[in-house]
file query-v8.csv (CSV, C-alpha atoms and all ligand atoms)
chain,number,residue,atom,x,y,z
I,1,MET,CA,10.5,-11.7,-10.0
I,2,LEU,CA,10.9,-7.9,-9.6
I,3,ILE,CA,9.5,-6.1,-6.6
I,4,THR,CA,9.7,-2.3,-6.7
I,5,GLY,CA,9.4,-0.7,-3.2
I,6,GLY,CA,10.4,-4.0,-1.7
I,7,ALA,CA,12.2,-2.2,1.2
I,8,GLY,CA,9.0,-0.6,2.3
I,9,PHE,CA,6.3,-1.8,4.6
I,10,LEU,CA,4.0,-3.7,2.2
I,11,GLY,CA,6.8,-4.5,-0.3
I,12,SER,CA,8.8,-6.3,2.3
I,13,HIS,CA,5.8,-8.6,3.0
I,14,VAL,CA,5.5,-9.3,-0.7
I,15,VAL,CA,9.2,-10.1,-0.7
I,16,ASP,CA,8.8,-12.5,2.2
I,17,ARG,CA,5.9,-14.3,0.5
I,18,ALA,CA,7.7,-14.5,-2.9
I,19,LEU,CA,10.8,-16.1,-1.3
I,20,ARG,CA,8.6,-18.5,0.6
I,21,GLU,CA,7.0,-19.5,-2.7
I,22,GLY,CA,10.5,-20.3,-4.0
I,23,ALA,CA,10.9,-17.3,-6.3
I,24,SER,CA,14.1,-15.5,-7.1
I,25,VAL,CA,13.5,-11.9,-6.1
I,26,THR,CA,15.1,-8.6,-7.1
I,27,VAL,CA,14.1,-5.5,-5.2
I,28,LEU,CA,14.4,-2.0,-6.7
I,29,ASP,CA,14.1,0.7,-4.0
I,30,ASN,CA,15.7,4.1,-3.4
I,31,LEU,CA,15.2,3.8,0.4
I,32,TYR,CA,13.1,7.0,0.5
I,33,THR,CA,10.8,5.5,3.1
I,34,GLY,CA,12.0,1.9,3.0
I,35,THR,CA,14.8,0.5,5.1
I,36,GLU,CA,17.5,-2.1,4.8
I,37,HIS,CA,16.2,-3.3,8.2
I,38,ASN,CA,13.0,-4.6,6.4
I,39,MET,CA,15.2,-6.9,4.2
I,40,LYS,CA,17.8,-7.8,6.8
I,41,HIS,CA,16.5,-11.3,7.3
I,42,HIS,CA,17.2,-12.1,3.6
I,43,GLN,CA,20.9,-11.3,3.7
I,44,GLY,CA,22.9,-14.1,2.3
I,45,ASN,CA,19.9,-15.6,0.6
I,46,LYS,CA,21.1,-16.4,-3.0
I,47,ASN,CA,17.5,-15.9,-4.3
I,48,PHE,CA,17.5,-12.3,-3.1
I,49,THR,CA,19.1,-9.2,-4.7
I,50,PHE,CA,18.6,-5.6,-3.6
I,51,ILE,CA,19.4,-2.8,-6.0
I,52,ARG,CA,19.2,0.7,-4.6
I,53,HIS,CA,17.7,2.6,-7.4
I,54,ASP,CA,15.2,5.4,-8.1
I,55,ILE,CA,12.5,4.1,-10.5
I,56,CYS,CA,12.2,7.6,-12.1
I,57,ASP,CA,15.7,7.1,-13.5
I,58,ARG,CA,16.7,4.8,-16.4
I,59,LEU,CA,16.4,1.3,-15.1
I,60,PRO,CA,19.6,-0.5,-14.0
I,61,ILE,CA,21.7,-2.0,-16.9
I,62,SER,CA,21.7,-5.3,-15.0
I,63,LEU,CA,17.9,-5.6,-15.8
I,64,ASP,CA,18.5,-5.0,-19.5
I,65,ASN,CA,18.6,-8.6,-20.6
I,66,VAL,CA,16.8,-10.2,-17.7
I,67,LYS,CA,13.6,-12.1,-18.4
I,68,LEU,CA,11.2,-11.5,-15.5
I,69,ASP,CA,8.2,-13.7,-14.8
I,70,PHE,CA,6.3,-11.2,-12.6
I,71,ILE,CA,6.6,-7.6,-11.5
I,72,PHE,CA,5.0,-6.2,-8.3
I,73,HIS,CA,5.2,-2.5,-8.6
I,74,LEU,CA,4.9,-0.9,-5.1
I,75,ALA,CA,7.5,1.9,-5.1
I,76,CYS,CA,5.9,5.2,-3.9
I,77,ALA,CA,5.7,6.7,-0.5
I,78,ALA,CA,2.3,6.0,0.9
I,79,SER,CA,1.8,8.1,3.9
I,80,PRO,CA,0.8,11.8,3.6
I,81,VAL,CA,3.7,12.9,5.8
I,82,HIS,CA,6.2,11.4,3.4
I,83,TYR,CA,4.5,11.9,0.0
I,84,GLN,CA,3.7,15.6,0.9
I,85,ALA,CA,7.3,16.2,2.0
I,86,GLU,CA,8.5,15.7,-1.6
I,87,PRO,CA,5.3,16.2,-3.7
I,88,ILE,CA,7.0,16.7,-7.1
I,89,GLN,CA,9.0,13.5,-6.5
I,90,THR,CA,5.7,11.8,-5.6
I,91,THR,CA,4.0,12.7,-8.8
I,92,MET,CA,7.1,11.7,-10.8
I,93,THR,CA,7.4,8.4,-9.0
I,94,CYS,CA,3.8,7.6,-9.9
I,95,VAL,CA,4.0,8.8,-13.5
I,96,GLN,CA,7.6,8.5,-14.8
I,97,GLY,CA,8.4,5.6,-12.5
I,98,THR,CA,5.3,3.6,-13.5
I,99,TYR,CA,6.0,4.4,-17.2
I,100,ASN,CA,9.5,2.9,-16.8
I,101,ILE,CA,8.2,-0.2,-15.0
I,102,LEU,CA,5.4,-0.7,-17.7
I,103,GLN,CA,8.1,-0.5,-20.4
I,104,LEU,CA,10.0,-3.3,-18.6
I,105,ALA,CA,6.8,-5.4,-18.3
I,106,LEU,CA,6.2,-4.8,-22.1
I,107,ARG,CA,9.8,-6.0,-22.9
I,108,CYS,CA,9.5,-9.1,-20.6
I,109,ASP,CA,5.9,-9.8,-21.6
I,110,CYS,CA,5.1,-10.5,-18.0
I,111,PRO,CA,2.2,-9.6,-15.6
I,112,VAL,CA,2.7,-6.4,-13.7
I,113,LEU,CA,0.8,-5.7,-10.5
I,114,PHE,CA,0.3,-2.0,-9.9
I,115,SER,CA,-0.4,-1.0,-6.3
I,116,GLY,CA,-3.1,1.6,-6.7
I,117,THR,CA,-5.0,3.1,-3.9
I,118,SER,CA,-8.4,3.9,-2.5
I,119,GLU,CA,-7.2,7.6,-2.7
I,120,VAL,CA,-8.3,7.6,-6.3
I,121,TYR,CA,-11.9,7.8,-4.8
I,122,GLY,CA,-10.9,11.0,-3.0
I,123,ASP,CA,-13.5,12.3,-0.6
I,124,PRO,CA,-16.1,9.8,-2.0
I,125,LEU,CA,-19.7,10.7,-2.7
I,126,GLU,CA,-20.5,7.1,-2.9
I,127,HIS,CA,-20.3,4.7,0.0
I,128,PRO,CA,-19.0,2.0,0.1
I,129,GLN,CA,-16.8,2.5,-3.0
I,130,LYS,CA,-17.0,0.2,-5.9
I,131,GLU,CA,-14.4,0.0,-8.7
I,132,THR,CA,-16.9,1.7,-11.1
I,133,TYR,CA,-17.0,4.9,-9.0
I,134,TRP,CA,-14.8,7.6,-10.6
I,135,GLY,CA,-14.0,9.5,-7.5
I,136,ASN,CA,-14.1,13.0,-6.1
I,137,VAL,CA,-10.5,14.2,-6.0
I,138,ASN,CA,-9.2,17.7,-5.5
I,139,CYS,CA,-6.6,18.0,-8.3
I,140,THR,CA,-4.8,21.1,-7.0
I,141,GLY,CA,-4.7,20.3,-3.2
I,142,ILE,CA,-1.8,19.1,-1.1
I,143,ARG,CA,-2.9,15.4,-1.5
I,144,SER,CA,-3.1,15.6,-5.3
I,145,CYS,CA,0.5,14.7,-5.9
I,146,TYR,CA,-0.4,11.2,-4.6
I,147,ASP,CA,-4.1,11.0,-5.5
I,148,GLU,CA,-3.7,12.3,-9.1
I,149,GLY,CA,-0.3,10.7,-9.5
I,150,LYS,CA,-1.9,7.3,-8.8
I,151,ARG,CA,-4.9,8.1,-11.0
I,152,CYS,CA,-2.5,8.9,-13.9
I,153,ALA,CA,-0.5,5.8,-13.2
I,154,GLU,CA,-3.7,3.7,-13.5
I,155,ALA,CA,-4.4,5.5,-16.8
I,156,LEU,CA,-0.9,4.6,-18.0
I,157,CYS,CA,-1.5,0.9,-17.0
I,158,PHE,CA,-4.7,0.7,-19.0
I,159,ASP,CA,-3.2,2.5,-22.0
I,160,PHE,CA,-0.2,0.1,-22.0
I,161,HIS,CA,-2.8,-2.7,-21.9
I,162,ARG,CA,-4.9,-1.4,-24.7
I,163,MET,CA,-2.0,-0.4,-26.9
I,164,HIS,CA,0.5,-3.1,-26.2
I,165,ARG,CA,-1.4,-5.8,-24.5
I,166,VAL,CA,0.7,-5.5,-21.3
I,167,LYS,CA,-0.8,-7.8,-18.7
I,168,VAL,CA,-1.6,-5.2,-16.1
I,169,ARG,CA,-3.1,-6.1,-12.8
I,170,VAL,CA,-4.3,-3.0,-11.0
I,171,ALA,CA,-5.1,-3.4,-7.2
I,172,ARG,CA,-6.7,-0.5,-5.4
I,173,ILE,CA,-5.5,-0.9,-1.8
I,174,PHE,CA,-7.4,0.4,1.1
I,175,ASN,CA,-5.7,1.3,4.5
I,176,THR,CA,-3.4,-1.6,5.3
I,177,TYR,CA,-1.5,-2.0,8.5
I,178,GLY,CA,0.9,-4.5,10.1
I,179,PRO,CA,4.4,-5.2,11.3
I,180,ARG,CA,7.2,-3.0,9.8
I,181,MET,CA,5.1,0.1,9.3
I,182,CYS,CA,7.2,3.3,9.9
I,183,PHE,CA,6.8,4.8,13.3
I,184,ASN,CA,6.8,8.3,12.1
I,185,ASP,CA,4.5,8.2,9.1
I,186,GLY,CA,1.5,9.8,10.7
I,187,ARG,CA,-0.8,6.8,9.8
I,188,ILE,CA,-3.6,6.1,12.2
I,189,ILE,CA,-2.6,2.7,13.5
I,190,SER,CA,1.2,3.3,13.7
I,191,ASN,CA,0.6,6.6,15.4
I,192,PHE,CA,-1.8,5.2,18.0
I,193,LEU,CA,0.3,2.2,18.7
I,194,VAL,CA,3.5,4.1,19.2
I,195,GLN,CA,1.7,6.7,21.4
I,196,ALA,CA,0.0,4.0,23.5
I,197,LEU,CA,3.2,2.0,23.9
I,198,THR,CA,5.2,5.0,25.0
I,199,GLY,CA,2.5,6.5,27.2
I,200,LYS,CA,2.2,9.7,25.1
I,201,ASP,CA,-1.1,11.4,24.2
I,202,ILE,CA,-3.1,9.5,21.5
I,203,THR,CA,-3.7,12.3,19.0
I,204,ILE,CA,-6.9,12.3,16.9
I,205,TYR,CA,-7.1,14.9,14.1
I,206,GLY,CA,-10.7,16.3,14.0
I,207,THR,CA,-13.5,14.9,16.0
I,208,GLY,CA,-12.6,11.2,15.4
I,209,GLU,CA,-16.1,10.5,14.1
I,210,TYR,CA,-14.9,9.9,10.6
I,211,THR,CA,-14.4,6.3,9.7
I,212,ARG,CA,-11.8,4.1,8.2
I,213,SER,CA,-11.5,0.4,7.4
I,214,PHE,CA,-8.2,-1.4,8.2
I,215,GLN,CA,-6.8,-4.4,6.4
I,216,TYR,CA,-4.0,-6.6,7.8
I,217,CYS,CA,-1.0,-6.9,5.5
I,218,ASP,CA,-1.1,-10.7,5.0
I,219,ASP,CA,-4.7,-10.5,3.6
I,220,LEU,CA,-3.5,-7.9,1.1
I,221,VAL,CA,-0.5,-10.0,0.0
I,222,GLU,CA,-2.8,-13.0,-0.5
I,223,GLY,CA,-5.1,-10.8,-2.7
I,224,PHE,CA,-2.0,-9.6,-4.6
I,225,TRP,CA,-0.9,-13.2,-5.2
I,226,ARG,CA,-4.3,-14.3,-6.6
I,227,LEU,CA,-4.5,-11.1,-8.8
I,228,ILE,CA,-1.1,-11.3,-10.4
I,229,GLN,CA,-1.6,-15.0,-11.3
I,230,HIS,CA,-5.1,-14.3,-12.8
I,231,PRO,CA,-4.9,-15.2,-16.5
I,232,THR,CA,-6.9,-12.2,-17.7
I,233,GLU,CA,-8.2,-9.9,-15.0
I,234,THR,CA,-6.7,-6.4,-15.4
I,235,GLY,CA,-8.6,-4.8,-12.5
I,236,PRO,CA,-9.0,-2.4,-11.0
I,237,VAL,CA,-9.8,-4.6,-8.0
I,238,ASN,CA,-10.4,-3.2,-4.5
I,239,LEU,CA,-8.4,-4.9,-1.8
I,240,GLY,CA,-9.4,-3.9,1.7
I,241,ASN,CA,-11.3,-4.9,4.7
I,242,PRO,CA,-14.9,-3.6,4.7
I,243,GLU,CA,-15.2,-3.6,8.5
I,244,GLU,CA,-15.5,0.1,9.4
I,245,PHE,CA,-14.3,1.8,12.6
I,246,SER,CA,-14.5,5.4,13.7
I,247,VAL,CA,-11.1,6.7,14.4
I,248,LYS,CA,-12.1,7.4,18.0
I,249,ASP,CA,-13.1,3.7,18.4
I,250,MET,CA,-9.8,2.6,17.0
I,251,ALA,CA,-7.9,4.9,19.5
I,252,GLU,CA,-9.9,3.4,22.4
I,253,LYS,CA,-9.3,-0.2,21.1
I,254,ILE,CA,-5.6,0.3,20.9
I,255,LYS,CA,-5.4,2.0,24.3
I,256,ALA,CA,-7.2,-0.9,25.8
I,257,MET,CA,-4.8,-3.4,24.3
I,258,VAL,CA,-1.8,-2.0,26.1
I,259,PRO,CA,-1.9,-3.1,29.8
I,260,GLY,CA,-1.6,-0.1,32.2
I,261,CYS,CA,-1.6,2.4,29.3
I,262,THR,CA,-1.4,5.9,30.7
I,263,SER,CA,-2.0,7.8,27.4
I,264,LYS,CA,-4.8,10.3,27.1
I,265,ILE,CA,-6.9,10.6,23.9
I,266,VAL,CA,-6.6,14.2,22.7
I,267,TYR,CA,-8.2,16.0,19.7
I,268,LEU,CA,-6.3,18.3,17.3
I,269,GLU,CA,-7.3,20.3,14.3
I,270,ALA,CA,-8.6,18.2,11.4
I,271,ALA,CA,-6.1,17.5,8.5
I,272,LYS,CA,-6.8,19.2,5.2
I,273,ASP,CA,-8.7,17.4,2.6
I,274,ASP,CA,-9.0,14.3,4.8
I,275,PRO,CA,-11.8,12.1,3.5
I,276,LYS,CA,-14.7,11.6,5.9
I,277,GLN,CA,-15.3,8.0,5.3
I,278,ARG,CA,-13.8,5.1,3.3
I,279,ARG,CA,-14.9,1.6,3.0
I,280,PRO,CA,-14.3,-0.8,0.1
I,281,ASP,CA,-16.9,-2.8,-1.7
I,282,ILE,CA,-15.0,-6.0,-2.2
I,283,THR,CA,-17.6,-8.0,-4.2
I,284,LYS,CA,-15.4,-7.9,-7.3
I,285,ALA,CA,-12.3,-9.2,-5.5
I,286,GLY,CA,-14.4,-12.1,-4.0
I,287,THR,CA,-15.7,-13.0,-7.4
I,288,VAL,CA,-12.6,-12.7,-9.6
I,289,LEU,CA,-10.1,-13.8,-7.0
I,290,ASN,CA,-11.6,-17.1,-6.1
I,291,GLY,CA,-13.4,-16.2,-2.9
I,292,TRP,CA,-10.7,-13.9,-1.5
I,293,TYR,CA,-11.7,-12.3,1.7
I,294,PRO,CA,-9.6,-10.4,4.4
I,295,GLY,CA,-9.9,-13.0,7.1
I,296,VAL,CA,-7.6,-11.6,9.8
I,297,LYS,CA,-9.6,-10.0,12.6
I,298,VAL,CA,-8.6,-6.6,13.6
I,299,GLU,CA,-7.8,-7.7,17.2
I,300,GLU,CA,-5.5,-10.3,16.0
I,301,GLY,CA,-3.8,-8.1,13.4
I,302,LEU,CA,-3.3,-5.3,16.0
I,303,GLN,CA,-1.8,-7.8,18.4
I,304,ARG,CA,0.7,-9.1,15.8
I,305,THR,CA,1.6,-5.5,14.9
I,306,MET,CA,2.0,-4.4,18.5
I,307,GLU,CA,4.4,-7.3,19.2
I,308,GLU,CA,6.7,-6.3,16.4
I,309,PHE,CA,6.4,-2.6,17.3
I,310,LYS,CA,7.5,-3.5,20.9
I,311,GLN,CA,10.6,-5.2,19.6
I,312,ARG,CA,11.6,-2.2,17.5
I,313,LEU,CA,10.8,0.3,20.2
K,1,LIG,N1,-0.1,0.9,3.2
K,1,LIG,C1,-1.3,1.3,2.7
K,1,LIG,O1,-2.3,1.4,3.5
K,1,LIG,C2,-1.5,1.6,1.2
K,1,LIG,C3,-2.7,2.0,0.8
K,1,LIG,C4,-2.9,2.2,-0.6
K,1,LIG,C5,-1.9,2.1,-1.5
K,1,LIG,N2,-0.7,1.7,-1.0
K,1,LIG,C6,0.4,1.6,-2.0
K,1,LIG,O2,1.2,0.5,-1.7
K,1,LIG,C7,2.6,0.8,-2.0
K,1,LIG,C8,3.5,0.5,-0.8
K,1,LIG,O3,3.0,1.2,0.3
K,1,LIG,P1,3.7,1.1,1.7
K,1,LIG,O4,2.7,1.3,2.7
K,1,LIG,O5,4.5,-0.1,1.8
K,1,LIG,O6,4.6,2.4,1.7
K,1,LIG,P2,6.2,2.6,2.1
K,1,LIG,O7,6.4,4.0,2.0
K,1,LIG,O8,6.5,1.8,3.3
K,1,LIG,O9,6.9,1.9,0.9
K,1,LIG,C9,7.2,2.5,-0.4
K,1,LIG,C10,8.5,2.0,-0.8
K,1,LIG,O10,8.8,2.6,-2.1
K,1,LIG,C11,10.1,3.2,-2.1
K,1,LIG,N3,10.2,4.3,-3.1
K,1,LIG,C12,9.5,5.5,-3.0
K,1,LIG,N4,9.8,6.2,-4.1
K,1,LIG,C13,10.6,5.5,-4.9
K,1,LIG,C14,11.3,5.7,-6.1
K,1,LIG,N5,11.1,6.8,-6.8
K,1,LIG,N6,12.1,4.7,-6.6
K,1,LIG,C15,12.3,3.6,-5.9
K,1,LIG,N7,11.7,3.3,-4.7
K,1,LIG,C16,10.9,4.3,-4.2
K,1,LIG,C17,10.3,3.6,-0.7
K,1,LIG,O11,11.7,3.8,-0.3
K,1,LIG,C18,9.7,2.5,0.1
K,1,LIG,O12,10.5,1.4,0.3
K,1,LIG,C19,2.6,2.3,-2.5
K,1,LIG,O13,2.7,2.3,-3.9
K,1,LIG,C20,1.4,2.8,-1.9
K,1,LIG,O14,0.9,3.9,-2.7
K,1,LIG,C21,-0.4,1.5,0.3
call {"tool": "encode", "arguments": {"input": "query-v8.csv", "output": "structure tokens"}}
result
Amino acid sequence: MLITGGAGFLGSHVVDRALREGASVTVLDNLYTGTEHNMKHHQGNKNFTFIRHDICDRLPISLDNVKLDFIFHLACAASPVHYQAEPIQTTMTCVQGTYNILQLALRCDCPVLFSGTSEVYGDPLEHPQKETYWGNVNCTGIRSCYDEGKRCAEALCFDFHRMHRVKVRVARIFNTYGPRMCFNDGRIISNFLVQALTGKDITIYGTGEYTRSFQYCDDLVEGFWRLIQHPTETGPVNLGNPEEFSVKDMAEKIKAMVPGCTSKIVYLEAAKDDPKQRRPDITKAGTVLNGWYPGVKVEEGLQRTMEEFKQRL
């Protein structure tokens, strides 16, 4: 099994699951946002191989004659701070990188799960978002390298499917959190947790009235597992938690979880092109993925995440 982006936050949880399931795993990752620390616990495992590699480049020769059974394709920085720092590289990772991975899936004739995103819905005019919604995306703004990059990558997936019968499995992931998130990636949960644990101000961009839904990483990985093994379903399939919170409520919840927290909640200027609300309609996932539902309650997921953050801090 190949896992691109396996040194990153979500990829590393996919690696853990794959090894638990008895798979032999190769990770391709250029360590742009991923870390060796996320894979440290697999050192010495003969079923685990890490190749430091940029997926925009020609794939490593060592993969030339390998017959893969599954490919999980997650490589791409996911947080605005990181993907906007190298926007051209972001677009190229989405487009050239995904093209290279689809060619590999074609040669191996194996299912390839593409980690798409709710960002394809942009600032949605439909709420909650169903897979049939085409989105409202600014194609020239500072988020477009990621949003449009991922939209183009989806288009490539479906063209490889239509033209070459590649078994694509497109998941559209909504905000997901959990242990091993980067501390400095500017995402809501990681920001708030680090700030609350270190007694710094908890910073909300804008009024905090806008809403987000948050999915725990293990729920996503379970959805991935069911989707990649599906005999025919190409997706797109939304994977997210439909429970919606205002960002302000989330800040208060996290502050309350840290005993004796001295942080103040402060409001800063709103981020550009930030969508006002986002909530997945997961009816399709429940139907095609055999009753899949994100069952981890936010209190529990936050607690597990906080414990791991405390260890790293
Ligand atoms: N976390 C979320 O809430 C979320 C939501 C929607 C979609 N996704 C998607 O899931 C995937 C994983 O997200 P994540 O949160 O784990 O992000 P992450 O930044 O932690 O992980 C991305 C990984 O990809 C690697 N990478 C980036 N560009 C690469 C390249 N050109 N070649 C090889 N490796 C490269 C990074 O080093 C990192 O290890 C991404 O494709 C992202 O778009 C995540």
call {"tool": "closest_atom_pairs", "arguments": {"input": "query-v8.csv", "of": "region 129-182 of chain I", "to": "region 57-76 of chain I", "cutoff": "12 Å", "atoms": "all atoms listed in the file", "output": "Markdown table"}}
result
| residue | atom | partner | partner_atom | distance |
| --- | --- | --- | --- | --- |
| I:Cys145 | CA | I:Cys76 | CA | 11.1 |
| I:Tyr146 | CA | I:Cys76 | CA | 8.7 |
| I:Asp147 | CA | I:Cys76 | CA | 11.7 |
| I:Gly149 | CA | I:Cys76 | CA | 10.0 |
| I:Lys150 | CA | I:Cys76 | CA | 9.4 |
| I:Ala153 | CA | I:His73 | CA | 11.1 |
| I:Glu154 | CA | I:His73 | CA | 11.9 |
| I:Cys157 | CA | I:His73 | CA | 11.3 |
| I:Val166 | CA | I:Ile71 | CA | 11.6 |
| I:Lys167 | CA | I:Phe70 | CA | 10.0 |
| I:Val168 | CA | I:Ile71 | CA | 9.7 |
| I:Arg169 | CA | I:Phe72 | CA | 9.3 |
| I:Val170 | CA | I:His73 | CA | 9.8 |
| I:Ala171 | CA | I:His73 | CA | 10.4 |
| I:Arg172 | CA | I:Leu74 | CA | 11.6 |
| I:Ile173 | CA | I:Leu74 | CA | 10.9 |
call {"tool": "residues_near_ligand", "arguments": {"input": "query-v8.csv", "ligand": "ligand LIG 1 (chain K)", "cutoff": "8 Å", "atoms": "all atoms listed in the file", "output": "VMD selection string"}}
result
chain I and resid 4 to 12 28 to 35 52 to 56 73 to 79 82 89 to 90 92 to 94 97 114 to 119 146 150 172 to 177 181 to 182 215
call {"tool": "atom_distance", "arguments": {"input": "query-v8.csv", "atom1": "CA of His13 (chain I)", "atom2": "CA of Pro128 (chain I)"}}
result
27.1 Å
call {"tool": "atom_distance", "arguments": {"input": "query-v8.csv", "atom1": "CA of Thr287 (chain I)", "atom2": "CA of Cys110 (chain I)"}}
result
23.5 Å
call {"tool": "closest_residue", "arguments": {"input": "query-v8.csv", "among": "I:Ile188, I:Val237, I:Cys108, I:Val247", "to": "Tyr133 (chain I)", "atoms": "all atoms listed in the file"}}
result
I:Val237
call {"tool": "closest_residue", "arguments": {"input": "query-v8.csv", "among": "I:Leu106, I:Ala251, I:Met1, I:Leu313", "to": "Val14 (chain I)", "atoms": "only C-alpha atoms"}}
result
I:Met1
call {"tool": "residues_around", "arguments": {"input": "query-v8.csv", "residues": "Asn184 (chain I)", "least_positions_apart": "5", "cutoff": "9 Å", "atoms": "all atoms listed in the file", "output": "number ranges by chain"}}
result
I: 81, 190-191, 194
call {"tool": "closest_residue", "arguments": {"input": "query-v8.csv", "among": "I:Trp225, I:Tyr267, I:Phe214, I:Phe183", "to": "Leu302 (chain I)", "atoms": "only C-alpha atoms"}}
result
I:Phe214
call {"tool": "atom_distance", "arguments": {"input": "query-v8.csv", "atom1": "CA of Asp159 (chain I)", "atom2": "CA of Glu86 (chain I)"}}
result
27.0 Å
call {"tool": "residues_around", "arguments": {"input": "query-v8.csv", "residues": "Glu222 (chain I)", "least_positions_apart": "5", "cutoff": "10 Å", "atoms": "only C-alpha atoms", "output": "PDB file with C-alpha atoms, keeping the file's coordinate frame"}}
result
ATOM      1  CA  VAL I  14       5.500  -9.300  -0.700  1.00  0.00           C
ATOM      2  CA  ARG I  17       5.900 -14.300   0.500  1.00  0.00           C
ATOM      3  CA  CYS I 217      -1.000  -6.900   5.500  1.00  0.00           C
ATOM      4  CA  LEU I 227      -4.500 -11.100  -8.800  1.00  0.00           C
ATOM      5  CA  LEU I 239      -8.400  -4.900  -1.800  1.00  0.00           C
ATOM      6  CA  LEU I 289     -10.100 -13.800  -7.000  1.00  0.00           C
ATOM      7  CA  TRP I 292     -10.700 -13.900  -1.500  1.00  0.00           C
ATOM      8  CA  TYR I 293     -11.700 -12.300   1.700  1.00  0.00           C
ATOM      9  CA  PRO I 294      -9.600 -10.400   4.400  1.00  0.00           C
TER      10      PRO I 294
END
call {"tool": "build_atoms", "arguments": {"input": "query-v8.csv", "residues": "region 48-61 of chain I", "atoms": "N, CA, C and O atoms", "output": "compact mmCIF listing (two decimals), in the frame of the given file"}}
result
# COMPACT_ATOMS: atom_id res chain seq x y z
N PHE I 48 17.88 -13.70 -3.36
CA PHE I 48 17.50 -12.30 -3.10
C PHE I 48 18.54 -11.32 -3.50
O PHE I 48 19.70 -11.46 -3.15
N THR I 49 18.13 -10.31 -4.28
CA THR I 49 19.10 -9.20 -4.70
C THR I 49 18.39 -7.90 -4.42
O THR I 49 17.21 -7.71 -4.75
N PHE I 50 19.15 -7.01 -3.84
CA PHE I 50 18.60 -5.60 -3.60
C PHE I 50 19.45 -4.67 -4.46
O PHE I 50 20.68 -4.67 -4.43
N ILE I 51 18.75 -3.84 -5.24
CA ILE I 51 19.40 -2.80 -6.00
C ILE I 51 18.85 -1.44 -5.55
O ILE I 51 17.63 -1.22 -5.65
N ARG I 52 19.72 -0.61 -5.00
CA ARG I 52 19.20 0.70 -4.60
C ARG I 52 19.11 1.59 -5.84
O ARG I 52 20.10 1.85 -6.53
N HIS I 53 17.90 1.98 -6.13
CA HIS I 53 17.70 2.60 -7.40
C HIS I 53 16.36 3.44 -7.36
O HIS I 53 15.38 2.99 -6.76
N ASP I 54 16.37 4.61 -8.00
CA ASP I 54 15.20 5.40 -8.10
C ASP I 54 14.46 5.05 -9.41
O ASP I 54 15.05 5.17 -10.49
N ILE I 55 13.20 4.62 -9.32
CA ILE I 55 12.50 4.10 -10.50
C ILE I 55 12.23 5.22 -11.55
O ILE I 55 11.83 4.94 -12.67
N CYS I 56 12.41 6.49 -11.15
CA CYS I 56 12.20 7.60 -12.10
C CYS I 56 13.41 7.63 -13.10
O CYS I 56 13.31 8.20 -14.18
N ASP I 57 14.54 7.07 -12.68
CA ASP I 57 15.70 7.10 -13.50
C ASP I 57 15.69 5.89 -14.51
O ASP I 57 14.89 4.96 -14.32
N ARG I 58 16.60 5.94 -15.48
CA ARG I 58 16.70 4.80 -16.40
C ARG I 58 16.95 3.54 -15.59
O ARG I 58 17.75 3.56 -14.64
N LEU I 59 16.27 2.46 -15.93
CA LEU I 59 16.40 1.30 -15.10
C LEU I 59 17.81 0.70 -15.14
O LEU I 59 18.53 0.91 -16.14
N PRO I 60 18.25 0.02 -14.08
CA PRO I 60 19.60 -0.50 -14.00
C PRO I 60 19.96 -1.37 -15.21
O PRO I 60 19.12 -2.19 -15.64
N ILE I 61 21.21 -1.24 -15.70
CA ILE I 61 21.70 -2.00 -16.90
C ILE I 61 21.54 -3.51 -16.57
O ILE I 61 21.23 -4.31 -17.45
